[in-house]
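Trainee: Sharing run.cif, mmCIF, C-alpha atoms:
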data_target
#
loop_
_atom_site.label_atom_id
_atom_site.label_comp_id
_atom_site.auth_asym_id
_atom_site.auth_seq_id
_atom_site.Cartn_x
_atom_site.Cartn_y
_atom_site.Cartn_z
CA MET A 27 16.09 -8.21 -32.41
CA ALA A 28 14.34 -7.77 -29.07
CA ILE A 29 11.96 -4.83 -28.87
CA PHE A 30 10.10 -3.87 -25.69
CA ALA A 31 7.26 -1.48 -24.98
CA LEU A 32 6.18 -0.29 -21.54
CA TYR A 33 2.60 0.81 -21.03
CA ASP A 34 2.08 2.88 -17.87
CA ILE A 35 -1.27 4.22 -16.62
CA ASN A 36 -0.95 7.93 -15.89
CA ASN A 37 -1.58 8.72 -12.21
CA CYS A 38 -3.32 5.35 -11.87
CA TYR A 39 -5.27 5.69 -8.61
CA ALA A 40 -6.28 9.31 -9.21
CA SER A 41 -7.26 8.58 -12.83
CA ALA A 42 -9.41 5.65 -11.68
CA GLU A 43 -11.24 7.92 -9.25
CA LYS A 44 -11.82 10.61 -11.87
CA LEU A 45 -13.15 8.07 -14.35
CA PHE A 46 -16.40 7.59 -12.42
CA SER A 47 -16.80 11.10 -11.04
CA PRO A 48 -17.10 13.83 -13.69
CA LYS A 49 -17.17 16.50 -10.97
CA LEU A 50 -13.50 15.72 -10.29
CA LYS A 51 -12.47 16.72 -13.83
CA ASP A 52 -9.68 19.31 -13.75
CA ARG A 53 -9.67 19.26 -9.94
CA PRO A 54 -6.58 18.32 -7.90
CA VAL A 55 -7.12 14.85 -6.41
CA VAL A 56 -5.00 12.90 -3.94
CA VAL A 57 -5.48 9.32 -2.78
CA LEU A 58 -4.62 8.49 0.83
CA SER A 59 -2.91 5.48 2.39
CA SER A 60 -4.31 3.10 5.00
CA ASN A 61 -6.46 4.82 7.63
CA ASP A 62 -6.48 7.95 5.47
CA GLY A 63 -2.99 8.81 6.65
CA CYS A 64 -0.62 9.98 3.91
CA VAL A 65 -0.79 10.92 0.25
CA VAL A 66 0.12 7.90 -1.92
CA ALA A 67 -1.15 9.11 -5.31
CA ARG A 68 -1.69 12.48 -6.98
CA SER A 69 -3.48 13.69 -10.06
CA ALA A 70 -1.66 15.88 -12.57
CA GLU A 71 -3.37 18.93 -11.05
CA ALA A 72 -2.16 18.00 -7.55
CA LYS A 73 1.37 17.50 -8.86
CA ALA A 74 1.22 20.95 -10.44
CA LEU A 75 0.48 22.32 -6.97
CA LYS A 76 3.64 20.55 -5.79
CA VAL A 77 1.81 18.29 -3.34
CA PRO A 78 4.61 16.02 -2.07
CA MET A 79 4.25 12.26 -2.07
CA GLY A 80 3.92 10.79 1.42
CA ILE A 81 2.85 13.97 3.20
CA PRO A 82 0.34 13.34 6.05
CA TRP A 83 -3.09 14.57 5.06
CA PHE A 84 -3.61 16.58 8.24
CA LYS A 85 -0.56 18.68 7.39
CA MET A 86 -2.05 19.94 4.15
CA LEU A 87 -5.61 20.77 5.23
CA ASP A 88 -5.04 24.51 4.80
CA GLN A 89 -3.56 24.00 1.33
CA ALA A 90 -6.46 21.67 0.44
CA ARG A 91 -9.01 24.33 1.40
CA GLN A 92 -7.11 27.01 -0.49
CA TYR A 93 -6.83 25.09 -3.77
CA GLY A 94 -9.87 22.81 -3.52
CA ILE A 95 -7.83 19.59 -3.28
CA VAL A 96 -10.03 16.51 -3.01
CA ALA A 97 -8.74 13.65 -0.84
CA LEU A 98 -10.09 10.11 -1.28
CA SER A 99 -9.45 6.84 0.55
CA SER A 100 -7.69 4.03 -1.30
CA ASN A 101 -10.14 1.83 -3.21
CA TYR A 102 -7.91 -1.11 -4.07
CA GLU A 103 -10.74 -3.30 -5.35
CA LEU A 104 -11.61 -0.69 -7.97
CA TYR A 105 -7.98 -0.08 -8.97
CA GLY A 106 -7.26 -3.80 -9.24
CA ASP A 107 -10.27 -4.48 -11.45
CA LEU A 108 -9.48 -1.58 -13.79
CA SER A 109 -5.87 -2.74 -13.98
CA ASN A 110 -7.03 -6.21 -15.04
CA ARG A 111 -9.18 -4.64 -17.75
CA VAL A 112 -6.21 -2.66 -19.05
CA VAL A 113 -4.11 -5.84 -19.19
CA SER A 114 -6.84 -7.65 -21.13
CA VAL A 115 -6.70 -4.87 -23.75
CA LEU A 116 -2.89 -4.94 -23.91
CA ARG A 117 -2.93 -8.69 -24.58
CA GLN A 118 -4.62 -7.96 -27.90
CA PHE A 119 -1.45 -6.22 -29.09
CA THR A 120 1.17 -8.86 -28.28
CA PRO A 121 1.40 -12.60 -27.62
CA HIS A 122 3.98 -11.97 -24.85
CA LEU A 123 3.27 -9.65 -21.95
CA GLU A 124 4.57 -9.14 -18.41
CA VAL A 125 2.35 -7.50 -15.80
CA TYR A 126 4.99 -5.63 -13.83
CA SER A 127 2.74 -3.76 -11.39
CA ILE A 128 -0.83 -2.55 -11.02
CA ASP A 129 -0.19 0.28 -13.48
CA GLU A 130 2.70 -0.98 -15.64
CA SER A 131 3.05 -3.77 -18.19
CA PHE A 132 5.88 -4.73 -20.54
CA LEU A 133 4.96 -5.86 -24.05
CA SER A 134 7.24 -7.79 -26.37
CA LEU A 135 7.20 -6.30 -29.86
CA ASP A 136 9.61 -8.84 -31.36
CA GLY A 137 8.72 -9.29 -35.02
CA PHE A 138 6.84 -5.98 -35.16
CA SER A 139 9.74 -3.95 -36.57
CA HIS A 140 8.09 -3.81 -40.03
CA LEU A 141 5.39 -1.62 -38.48
CA ASP A 142 5.57 2.04 -37.56
CA LEU A 143 6.09 1.43 -33.84
CA GLU A 144 5.05 4.93 -32.83
CA ASP A 145 1.72 4.46 -34.60
CA TYR A 146 1.41 1.06 -32.95
CA GLY A 147 2.07 2.62 -29.56
CA ARG A 148 -0.58 5.25 -30.21
CA ALA A 149 -3.03 2.52 -31.17
CA ILE A 150 -2.34 0.80 -27.84
CA ARG A 151 -2.83 4.01 -25.90
CA GLU A 152 -6.01 4.98 -27.74
CA ARG A 153 -7.55 1.50 -27.38
CA VAL A 154 -7.01 1.47 -23.61
CA LEU A 155 -8.40 4.99 -23.31
CA GLN A 156 -11.46 4.13 -25.40
CA TRP A 157 -12.26 0.75 -23.88
CA VAL A 158 -11.27 1.29 -20.24
CA GLY A 159 -11.18 5.06 -19.91
CA LEU A 160 -7.72 5.39 -18.36
CA PRO A 161 -4.96 7.54 -19.91
CA GLY A 162 -1.47 6.14 -20.31
CA CYS A 163 1.91 6.48 -22.00
CA VAL A 164 3.97 4.08 -24.10
CA GLY A 165 7.76 3.88 -24.19
CA ILE A 166 9.59 1.71 -26.73
CA GLY A 167 13.20 0.53 -26.64
CA LEU A 168 15.60 -2.35 -27.26
CA SER A 169 15.53 -3.41 -23.59
CA LYS A 170 13.19 -3.15 -20.62
CA THR A 171 15.35 -0.41 -19.10
CA GLN A 172 15.30 1.56 -22.35
CA ALA A 173 11.52 1.14 -22.49
CA LYS A 174 11.32 2.53 -18.95
CA ILE A 175 13.38 5.60 -19.81
CA SER A 176 11.43 6.05 -23.04
CA ASN A 177 8.16 5.95 -21.10
CA PHE A 178 9.55 8.55 -18.69
CA MET A 179 10.32 10.83 -21.65
CA ALA A 180 6.82 10.37 -23.04
CA LYS A 181 5.17 11.05 -19.68
CA LYS A 182 7.22 14.19 -19.05
CA GLY A 183 6.73 15.42 -22.62
CA LEU A 184 10.48 15.37 -23.31
CA ALA A 185 10.22 13.38 -26.52
CA GLY A 186 7.74 11.61 -28.75
CA ARG A 187 4.20 12.62 -29.54
CA ASP A 188 0.74 11.87 -28.15
CA GLY A 189 2.15 10.07 -25.10
CA VAL A 190 4.36 7.71 -27.14
CA CYS A 191 8.16 7.73 -27.36
CA ASN A 192 10.21 5.35 -29.53
CA LEU A 193 13.95 5.32 -28.89
CA LEU A 194 14.57 3.14 -31.96
CA SER A 195 13.71 5.97 -34.33
CA MET A 196 15.41 8.73 -32.35
CA PRO A 197 18.64 10.24 -33.76
CA ALA A 198 21.70 9.47 -31.63
CA SER A 199 22.44 13.15 -31.05
CA GLN A 200 18.92 13.81 -29.78
CA LEU A 201 19.05 10.77 -27.50
CA ASP A 202 22.41 11.85 -26.06
CA ASP A 203 21.02 15.30 -25.36
CA LEU A 204 17.92 13.93 -23.62
CA LEU A 205 19.78 11.36 -21.52
CA GLY A 206 22.22 14.08 -20.53
CA ARG A 207 19.35 16.09 -19.04
CA ILE A 208 17.74 13.29 -17.01
CA GLU A 209 19.03 12.63 -13.50
CA VAL A 210 20.54 9.20 -12.93
CA ALA A 211 18.08 8.62 -10.08
CA GLU A 212 15.35 8.19 -12.71
CA VAL A 213 16.95 4.96 -13.97
CA TRP A 214 15.00 1.83 -13.11
CA GLY A 215 16.63 0.18 -10.08
CA VAL A 216 18.79 3.12 -8.99
CA GLY A 217 17.73 3.88 -5.43
CA ARG A 218 18.84 6.62 -3.05
CA LYS A 219 21.92 4.79 -1.79
CA ILE A 220 23.19 3.90 -5.27
CA ASP A 221 22.31 7.37 -6.52
CA ALA A 222 24.49 8.97 -3.83
CA GLN A 223 27.40 6.67 -4.67
CA LEU A 224 27.09 7.37 -8.39
CA GLN A 225 26.93 11.11 -7.73
CA SER A 226 30.19 10.91 -5.76
CA MET A 227 31.78 9.26 -8.81
CA GLY A 228 30.62 12.04 -11.12
CA ILE A 229 27.87 9.92 -12.68
CA THR A 230 24.96 12.34 -12.42
CA THR A 231 22.88 11.73 -15.54
CA VAL A 232 21.45 8.76 -17.41
CA LYS A 233 23.96 9.40 -20.19
CA ASP A 234 26.83 9.23 -17.69
CA LEU A 235 25.66 5.84 -16.48
CA ARG A 236 25.04 4.54 -20.00
CA ASP A 237 28.58 5.50 -21.02
CA ALA A 238 30.22 4.08 -17.88
CA ASP A 239 32.47 1.02 -18.12
CA PRO A 240 30.29 -2.02 -17.29
CA SER A 241 33.21 -3.92 -15.74
CA MET A 242 33.96 -1.02 -13.40
CA ILE A 243 30.30 -0.73 -12.44
CA ARG A 244 30.18 -4.43 -11.65
CA GLN A 245 33.32 -4.20 -9.54
CA ARG A 246 32.14 -1.12 -7.62
CA PHE A 247 28.49 -2.13 -7.28
CA SER A 248 27.00 -5.41 -8.52
CA VAL A 249 26.16 -7.49 -11.56
CA VAL A 250 22.63 -6.06 -11.34
CA LEU A 251 23.80 -2.50 -12.01
CA GLU A 252 26.16 -3.79 -14.72
CA ARG A 253 23.11 -5.24 -16.47
CA THR A 254 21.40 -1.88 -16.16
CA VAL A 255 24.33 -0.23 -17.97
CA ARG A 256 24.18 -2.80 -20.75
CA GLU A 257 20.40 -2.41 -20.99
CA LEU A 258 20.78 1.36 -21.34
CA ASN A 259 23.05 0.60 -24.31
CA GLY A 260 20.33 -1.49 -25.94
CA VAL A 261 21.57 -4.94 -24.90
CA SER A 262 18.61 -6.86 -23.52
CA CYS A 263 19.58 -8.65 -20.30
CA LEU A 264 16.15 -8.91 -18.67
CA ALA A 265 13.62 -11.20 -20.30
CA LEU A 266 9.87 -10.90 -19.93
CA GLU A 267 8.41 -12.75 -16.94
CA GLU A 268 5.14 -13.80 -18.51
CA VAL A 269 4.27 -16.00 -15.55
CA ALA A 270 4.79 -14.42 -12.15
CA PRO A 271 7.04 -16.62 -9.98
CA ASP A 272 5.47 -18.17 -6.90
CA LYS A 273 5.97 -16.17 -3.74
CA LYS A 274 8.41 -17.59 -1.20
CA GLN A 275 6.76 -15.58 1.57
CA ILE A 276 3.22 -14.28 1.94
CA MET A 277 2.60 -11.45 4.37
CA VAL A 278 -0.67 -9.78 5.31
CA SER A 279 -0.60 -6.82 7.67
CA ARG A 280 -2.62 -3.65 8.22
CA SER A 281 -2.76 -0.82 10.73
CA PHE A 282 -6.03 -0.65 12.67
CA GLY A 283 -8.56 2.13 12.25
CA GLN A 284 -8.78 2.30 16.05
CA TYR A 285 -6.87 0.77 18.93
CA ALA A 286 -7.51 -2.88 19.72
CA TYR A 287 -7.26 -3.70 23.43
CA ALA A 288 -9.12 -6.97 23.83
CA PHE A 289 -7.61 -10.32 22.96
CA SER A 290 -10.78 -11.19 21.04
CA GLU A 291 -10.25 -8.22 18.69
CA LEU A 292 -6.69 -9.28 17.94
CA CYS A 293 -7.89 -12.86 17.38
CA ASP A 294 -10.37 -11.58 14.81
CA ALA A 295 -7.70 -9.50 13.05
CA VAL A 296 -5.09 -12.27 12.99
CA ALA A 297 -7.65 -14.84 11.80
CA THR A 298 -8.81 -12.47 9.04
CA TYR A 299 -5.28 -11.83 7.81
CA THR A 300 -4.44 -15.53 7.97
CA THR A 301 -7.53 -16.34 5.90
CA ARG A 302 -6.37 -13.94 3.18
CA ALA A 303 -2.85 -15.35 3.24
CA ALA A 304 -4.22 -18.88 2.92
CA GLU A 305 -6.25 -17.84 -0.14
CA LYS A 306 -3.11 -16.44 -1.78
CA LEU A 307 -1.22 -19.60 -0.88
CA ARG A 308 -3.79 -21.86 -2.53
CA ALA A 309 -4.00 -19.56 -5.54
CA GLN A 310 -0.40 -20.43 -6.41
CA ASP A 311 -0.98 -24.10 -5.52
CA SER A 312 1.52 -24.05 -2.67
CA VAL A 313 1.74 -25.04 0.97
CA ALA A 314 3.58 -23.51 3.91
CA THR A 315 5.48 -25.10 6.77
CA ALA A 316 6.06 -22.09 9.05
CA MET A 317 4.45 -18.85 10.17
CA LEU A 318 5.34 -15.60 11.92
CA VAL A 319 2.75 -13.56 13.86
CA PHE A 320 3.45 -10.10 15.27
CA ILE A 321 1.64 -7.34 17.17
CA GLU A 322 2.69 -3.78 17.97
CA THR A 323 1.47 -0.61 19.61
CA ASN A 324 1.62 2.86 18.07
CA TYR A 325 5.31 3.77 18.28
CA PHE A 326 4.50 7.31 17.12
CA ARG A 327 2.77 7.92 20.46
CA GLU A 328 5.71 8.03 22.82
CA ASP A 329 3.42 9.13 25.66
CA GLU A 330 1.65 5.76 25.59
CA PRO A 331 2.90 2.36 26.87
CA GLN A 332 4.85 0.58 24.14
CA TYR A 333 5.01 -3.13 23.39
CA HIS A 334 5.80 -5.18 20.32
CA ASN A 335 6.53 -8.84 19.92
CA SER A 336 6.47 -11.68 17.41
CA TYR A 337 6.42 -15.45 17.47
CA ARG A 338 7.45 -17.95 14.82
CA LEU A 339 6.28 -21.53 14.75
CA THR A 340 6.80 -24.49 12.45
CA PHE A 341 3.96 -26.80 11.44
CA PRO A 342 4.14 -30.57 11.88
CA GLU A 343 2.93 -30.92 8.27
CA ALA A 344 2.91 -28.53 5.33
CA THR A 345 -0.58 -27.14 4.76
CA SER A 346 -2.69 -24.55 2.94
CA ASP A 347 -5.86 -25.30 4.91
CA THR A 348 -7.32 -22.10 6.35
CA ARG A 349 -8.61 -23.94 9.39
CA ASP A 350 -5.19 -25.29 10.31
CA LEU A 351 -3.41 -22.02 9.62
CA VAL A 352 -5.84 -20.01 11.73
CA GLN A 353 -5.35 -22.40 14.64
CA TYR A 354 -1.57 -22.02 14.39
CA ALA A 355 -1.86 -18.24 14.14
CA LEU A 356 -4.04 -17.97 17.24
CA LYS A 357 -1.67 -20.24 19.12
CA ALA A 358 1.19 -17.88 18.27
CA LEU A 359 -0.91 -14.85 19.25
CA ARG A 360 -1.57 -16.30 22.71
CA ARG A 361 2.18 -16.51 23.25
CA ILE A 362 2.78 -12.81 22.65
CA TYR A 363 -0.42 -11.02 23.74
CA ARG A 364 -0.16 -8.76 26.80
CA ARG A 365 -3.03 -6.98 28.56
CA GLY A 366 -3.05 -3.27 29.17
CA TYR A 367 -1.82 -2.14 25.78
CA GLY A 368 -3.61 -0.46 22.90
CA PHE A 369 -2.47 -2.27 19.78
CA LYS A 370 -2.32 -0.36 16.51
CA LYS A 371 -1.13 -3.06 14.13
CA CYS A 372 -0.75 -6.77 13.74
CA GLY A 373 0.18 -9.11 10.94
CA MET A 374 1.28 -12.55 9.92
CA MET A 375 3.63 -14.05 7.38
CA LEU A 376 3.70 -17.53 5.89
CA THR A 377 7.23 -18.78 5.26
CA ASP A 378 9.01 -21.89 3.99
CA ILE A 379 6.55 -22.03 1.09
CA ARG A 380 6.90 -24.81 -1.45
CA PRO A 381 4.83 -26.29 -4.31
CA LYS A 382 2.19 -28.72 -3.13
CA GLU A 383 3.55 -31.42 -5.45
CA ALA A 384 7.02 -31.13 -3.91
CA VAL A 385 5.88 -32.16 -0.44
CA GLN A 386 6.87 -35.67 0.59
CA ALA A 387 3.64 -37.54 1.29
CA SER A 388 3.17 -40.52 3.56
CA LEU A 389 2.54 -43.97 2.14
CA PHE A 390 -1.21 -43.88 2.67
CA ALA A 391 -1.82 -40.18 2.01
CA PRO A 392 -4.24 -39.32 -0.82
CA ALA A 393 -2.95 -37.76 -4.03
CA PRO A 394 -2.61 -33.94 -4.10
CA GLY A 395 -6.03 -32.36 -4.48
CA GLU A 396 -7.86 -35.52 -3.44
CA SER A 397 -7.77 -35.16 0.35
CA ARG A 398 -10.81 -34.07 2.35
CA SER A 399 -9.00 -30.85 3.28
CA ASP A 400 -8.27 -30.01 -0.37
CA LYS A 401 -11.89 -30.56 -1.36
CA ILE A 402 -13.22 -28.41 1.48
CA MET A 403 -10.83 -25.57 0.71
CA SER A 404 -11.62 -25.77 -3.01
CA LEU A 405 -15.34 -25.54 -2.25
CA MET A 406 -14.74 -22.65 0.16
CA ASP A 407 -12.75 -20.73 -2.47
CA ASP A 408 -15.39 -21.34 -5.13
CA ILE A 409 -18.19 -20.04 -2.88
CA ASN A 410 -16.24 -16.93 -1.88
CA SER A 411 -15.27 -16.29 -5.49
CA LYS A 412 -18.91 -16.41 -6.57
CA TRP A 413 -20.60 -14.69 -3.64
CA GLY A 414 -17.83 -12.42 -2.34
CA ARG A 415 -15.03 -12.70 0.18
CA GLY A 416 -16.31 -13.78 3.58
CA ALA A 417 -19.46 -15.46 2.27
CA ILE A 418 -18.15 -18.55 4.05
CA ARG A 419 -15.42 -18.24 6.68
CA VAL A 420 -13.97 -19.88 9.75
CA ALA A 421 -15.71 -19.07 13.04
CA ALA A 422 -12.72 -17.09 14.35
CA VAL A 423 -13.37 -14.39 11.73
CA ALA A 424 -16.13 -12.02 12.84
CA ALA A 425 -18.80 -10.66 10.50
CA GLU A 426 -17.81 -7.08 11.34
CA HIS A 427 -14.40 -5.73 12.34
CA PRO A 428 -14.38 -2.71 14.71
CA TRP A 429 -10.60 -2.54 14.28
CA ALA A 430 -10.83 -2.40 10.48
CA MET A 431 -8.85 0.10 8.46
CA ARG A 432 -10.44 3.54 8.43
CA ARG A 433 -11.51 4.62 4.93
CA GLU A 434 -13.97 7.42 5.49
CA ARG A 435 -13.45 8.90 2.01
CA LYS A 436 -13.74 5.69 0.00
CA THR A 437 -15.67 5.80 -3.26
CA PRO A 438 -17.91 2.91 -4.42
CA CYS A 439 -16.49 -0.19 -6.12
CA TYR A 440 -18.30 0.71 -9.32
CA THR A 441 -17.10 -2.24 -11.41
CA THR A 442 -17.24 -5.16 -8.98
CA ARG A 443 -20.17 -4.60 -6.60
CA GLY A 444 -23.70 -4.37 -7.93
CA ASP A 445 -25.01 -2.91 -4.67
CA GLU A 446 -22.64 0.06 -5.04
CA LEU A 447 -23.70 1.07 -8.54
CA PRO A 448 -24.98 4.66 -8.87
CA GLU A 449 -28.74 5.00 -8.57
CA ILE A 450 -31.01 7.37 -10.46
CA GLY A 451 -33.66 8.79 -8.19
CA ARG A 452 -37.31 8.60 -9.20
CA ALA A 453 -38.98 11.95 -9.64
CA HIS A 454 -41.89 12.64 -7.27
CA VAL A 455 -45.10 13.71 -8.96
#
Render the structure in this file as structure tokens.
Mentor:
Amino acid sequence: MAIFALYDINNCYASAEKLFSPKLKDRPVVVLSSNDGCVVARSAEAKALKVPMGIPWFKMLDQARQYGIVALSSNYELYGDLSNRVVSVLRQFTPHLEVYSIDESFLSLDGFSHLDLEDYGRAIRERVLQWVGLPGCVGIGLSKTQAKISNFMAKKGLAGRDGVCNLLSMPASQLDDLLGRIEVAEVWGVGRKIDAQLQSMGITTVKDLRDADPSMIRQRFSVVLERTVRELNGVSCLALEEVAPDKKQIMVSRSFGQYAYAFSELCDAVATYTTRAAEKLRAQDSVATAMLVFIETNYFREDEPQYHNSYRLTFPEATSDTRDLVQYALKALRRIYRRGYGFKKCGMMLTDIRPKEAVQASLFAPAPGESRSDKIMSLMDDINSKWGRGAIRVAAVAAEHPWAMRRERKTPCYTTRGDELPEIGRAHV
């Protein structure tokens, strides 16, 4: 019998910020998006104040002053490192685990049914809290979708105890009552469009969807939603993805902290983004054969001149070499750049990605990994891994980026950068 558990970090970004700043305890905290624009994460205290997700920060300055809301810039390096630490703890509780997102992981508990699963879930939660310092909830069910709903119940305090909910031990009548009180929009994979269609059919709660005819759901919607119905009934249709599949496209794009007018600034930005995409490409041992580069002005400022364009090009040979990819990217940028505009965003996307071993080589080409390019890129990645991103880079990438994303409220990367560790001042005698 398949048994799944879902571990979810509570208010991940906000909890990570509070972990290293005791003065934020019990204070409402929000984390802002790129360029300190909109709210993308909220602490429990901020949620209690009904701070909406996605609201621009400037629109809630009065509310922030009134209630003492603290706003912080996104610190993705810190969040990513803490997430990896949580996953390393979770791996001690199961041989099979799927990292679903930065704050969620599915655990297979097959063969654990002889244990008290609620106690086991509490042990997971307490170990993560003790070793990493982040709070979380555990939901347990016979499918991944059931584990999701169970986790929702635990997080909202609808069922379970100590942040753990186990649907396997819940009486059928209690489960029916709970599912009948949860809106169908809370089901994993039910978006706004599907929610509206289900509502029009009288399917308004999770219980309604669970009890719907799977064949009818497939006919009216898709096989994906049919699987969701079966999963809600405890039939596992979605297996764990223990190894993340290789990406078919890799995109890197950011809004600028300030307008970029000069071609040289855009060259720096495009080269920087291409370098990061190339690193991701090599990390999955793949190569790309095409690329898309785009630039755009700030379409929110209708009083300013507007321009946006993109250019796609195909490479003569598949590659993952940063040097080659940067050259192609700058070639595409030259095709679309126009003077006289203040650009707010640019980006690039690698497409037609395939495994390196699947590329047809010429008769005299060296074996994969043995070419001069492969050796140089391997050395470059090793150096940057040891000494930090940008320790060695192509000449098109500047040492400093005036266009870089604005993060004026960013906290230190406490766990990954020694130069950002807190310092204790020396008393003067």
Trainee: Taking the file as shown, find all residues satisfying the PyMOL selection byres ((chain A and resi 224-231) around 10) and write them as a list of chain:residue names.
Mentor: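 Selected by the PyMOL selection byres ((chain A and resi 224-231) around 10) in this file: A:Leu204, A:Leu205, A:Gly206, A:Arg207, A:Ile208, A:Glu209, A:Val210, A:Ala211, A:Glu212, A:Val213, A:Val216, A:Arg218, A:Lys219, A:Ile220, A:Asp221, A:Ala222, A:Gln223, A:Val232, A:Lys233, A:Asp234, A:Leu235, A:Arg236, A:Asp237, A:Ala238, A:Ile243, A:Arg246, A:Phe247.
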Trainee: Exactly which residues make up the result of the PyMOL selection byres ((chain A and resi 192) around 7) on this file, given as a list in words?
Mentor: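 Output from the PyMOL selection byres ((chain A and resi 192) around 7), applied to this file: Glu144, Gly165, Ile166, Gly167, Ser176, Gly186, Val190, Cys191, Leu193, Leu194, Ser195 and Met196 of chain A.
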Trainee: Within 6 Å of Leu32 of chain A, counting only C-alpha atoms, which residues show up once you throw out same-chain ones fewer than 6 positions away? Write them as a list in words, please.
Mentor: Ser131, Phe132, Val164, Gly165 and Ala173 of chain A
Trainee: Taking C-alpha atoms for each residue, export the selection above as a PDB file, in the coordinates of the input.
Mentor:
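Final output, out_9.pdb:
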ATOM      1  CA  SER A 131       3.050  -3.770 -18.190  1.00  0.00           C
ATOM      2  CA  PHE A 132       5.880  -4.730 -20.540  1.00  0.00           C
ATOM      3  CA  VAL A 164       3.970   4.080 -24.100  1.00  0.00           C
ATOM      4  CA  GLY A 165       7.760   3.880 -24.190  1.00  0.00           C
ATOM      5  CA  ALA A 173      11.520   1.140 -22.490  1.00  0.00           C
TER       6      ALA A 173
END
Trainee: With the file shown as input, list the residues that the PyMOL selection byres ((chain A and resi 104-110) around 8) selects, as JSON, numbers by chain.
Mentor: {"A": [38, 39, 42, 101, 102, 103, 111, 112, 113, 114, 128, 129, 158, 439, 440, 441, 442]}
Trainee: Atom CA of Arg302 of chain A and atom CA of Gly414 of chain A, how far apart in Å?
Mentor: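 Distance reported for this atom pair: 12.8 Å.
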Trainee: Contacts of Phe282 of chain A at 6 Å or less, counting all atoms listed in the file, minus same-chain residues fewer than 6 places along, as a ChimeraX atom specification?
Mentor: /A:370-371,429-431
